[in-house]
Amino acid sequence: MKKPSFLDRLTGGGQGDEYDRILDDRHQFGEEDELAVQDTYQEEEEDEWETPSPGAQQDGELPVDMYQTEDAIVIRALVAGVSPNDLEISITRDMVTIRGVREEFQETHDDGYFHRELFWGSFSRTLVLPEEVAIDEAEAQEKHGLLEIKLPKLDKHRSTQLRVKSNVLHK
């Protein structure tokens with residue numbers, strides 16, 4: 001069988017039955033497949049990627065909306081169940097990090113749940129801002145579980161006149 005081009009493999013063009021055989025529900029993937037992906041993982045690389053231990057809990061990623069108005073960048077996030085005092089917001093001129101913890105109050109044992117979709121535990125999110133902001137004028141407020149952070153943009157067109165001071169005494 002002629003090796004298909006990348007485009008043929010991507011679109012499935014020109015192969016017909018061969019790809020149907022591979023995509024068939026009864027097909028078992030293995031090394032004998034001509035199109036099987038070879039595992040290139042090397043044990044040396046294992047130390048480069050930290051894998052959390054089974055008991056360790058990772059931070060959840062806080063979903064956000066970020067948009068701009070004429071004079072500010074606005075970030076919104078749902079933080080229902082988190083006290084505003086338990087939110088930590090760090091701002092630099094070009095980055096914002098939001099951290100917090102949503103504590104779980106279990107009213108039943110794990111086997112009593114039909115669905116478990118809510119996120120409990122620590123969360124964080126770091127956003128790179130599209131332009132510099134005036135960090136001293138930033139504001140954050142929470143209302144009904146919605147956190148809104150307003151970051152005024154730096155006015156790069158603003159200018160001022162400076163007077164030159166002299167250290168020489170005039171007589």
# chains A, B, ... in the order shown; residues from 1 in each chain; ligands from 1
>>> residues_around(residues="Gly81 in chain A", least_positions_apart="3", cutoff="10 Å", atoms="only C-alpha atoms", output="ChimeraX atom specification")
/A:78,84,101-104,120,144-145
>>> closest_atom_pairs(of="range 145-166 of chain A", to="range 71-76 of chain A", cutoff="12 Å", atoms="only C-alpha atoms", output="CSV")
residue,atom,partner,partner_atom,distance
A:Gly145,CA,A:Arg76,CA,10.4
A:Leu146,CA,A:Arg76,CA,6.8
A:Leu147,CA,A:Arg76,CA,5.5
A:Glu148,CA,A:Arg76,CA,4.6
A:Ile149,CA,A:Ile75,CA,5.1
A:Lys150,CA,A:Val74,CA,4.7
A:Leu151,CA,A:Ile73,CA,5.1
A:Pro152,CA,A:Ala72,CA,4.1
A:Lys153,CA,A:Ala72,CA,5.0
A:Leu154,CA,A:Asp71,CA,8.3
A:Asp155,CA,A:Asp71,CA,8.4
A:Lys156,CA,A:Asp71,CA,11.5
>>> write_last_selection(atoms="C-alpha atoms", output="PDB file, in the first residue's frame")
ATOM      1  CA  GLY A 145     -21.266  35.874  43.313  1.00  0.00           C
ATOM      2  CA  LEU A 146     -19.940  37.869  40.343  1.00  0.00           C
ATOM      3  CA  LEU A 147     -16.471  39.382  40.764  1.00  0.00           C
ATOM      4  CA  GLU A 148     -15.780  42.400  38.569  1.00  0.00           C
ATOM      5  CA  ILE A 149     -12.321  43.949  38.309  1.00  0.00           C
ATOM      6  CA  LYS A 150     -11.937  47.291  36.503  1.00  0.00           C
ATOM      7  CA  LEU A 151      -8.415  48.159  35.406  1.00  0.00           C
ATOM      8  CA  PRO A 152      -8.046  51.688  33.991  1.00  0.00           C
ATOM      9  CA  LYS A 153      -5.824  51.793  30.914  1.00  0.00           C
ATOM     10  CA  LEU A 154      -2.720  53.956  30.980  1.00  0.00           C
ATOM     11  CA  ASP A 155      -3.170  57.085  28.906  1.00  0.00           C
ATOM     12  CA  LYS A 156      -0.130  56.909  26.654  1.00  0.00           C
TER      13      LYS A 156
END
>>> closest_residue(among="A:Asp111, A:Asp94, A:Glu61, A:Glu117", to="Ala134 in chain A", atoms="only C-alpha atoms")
A:Asp94
>>> atom_distance(atom1="CA of Met66 in chain A", atom2="CA of Ala140 in chain A")
13.6 Å
>>> closest_residue(among="A:Glu70, A:Met95, A:Arg163, A:Asp86", to="Leu129 in chain A", atoms="only C-alpha atoms")
A:Met95
>>> atom_distance(atom1="CA of Tyr67 in chain A", atom2="CA of Phe123 in chain A")
21.3 Å
>>> select_by_dssp(residues="range 41-159 of chain A", states="helix (DSSP H, G or I)", output="number ranges by chain")
A: 43-48, 84-86, 110-112, 135-137
>>> write_last_selection(atoms="C-alpha atoms", output="mmCIF file, in the first residue's frame")
data_model
loop_
_atom_site.group_PDB
_atom_site.id
_atom_site.type_symbol
_atom_site.label_atom_id
_atom_site.label_comp_id
_atom_site.auth_asym_id
_atom_site.auth_seq_id
_atom_site.Cartn_x
_atom_site.Cartn_y
_atom_site.Cartn_z
ATOM 1 C CA GLU A 43 12.065 7.742 30.434
ATOM 2 C CA GLU A 44 14.571 10.596 30.768
ATOM 3 C CA GLU A 45 11.795 13.097 30.125
ATOM 4 C CA GLU A 46 9.693 11.777 32.992
ATOM 5 C CA ASP A 47 11.399 14.040 35.536
ATOM 6 C CA GLU A 48 10.641 17.164 33.458
ATOM 7 C CA PRO A 84 -14.666 38.533 49.225
ATOM 8 C CA ASN A 85 -12.153 38.452 52.100
ATOM 9 C CA ASP A 86 -10.931 35.058 50.856
ATOM 10 C CA ASP A 110 -20.078 10.661 48.618
ATOM 11 C CA ASP A 111 -22.220 7.633 47.742
ATOM 12 C CA GLY A 112 -25.404 9.699 48.300
ATOM 13 C CA ILE A 135 -2.624 49.521 39.025
ATOM 14 C CA ASP A 136 -3.170 52.205 41.680
ATOM 15 C CA GLU A 137 -6.588 53.042 40.234
#
>>> closest_residue(among="A:Ser83, A:Gln141, A:Thr126, A:Ser166", to="Arg99 in chain A", atoms="only C-alpha atoms")
A:Thr126
>>> atom_distance(atom1="CA of Gly60 in chain A", atom2="CA of His115 in chain A")
18.6 Å
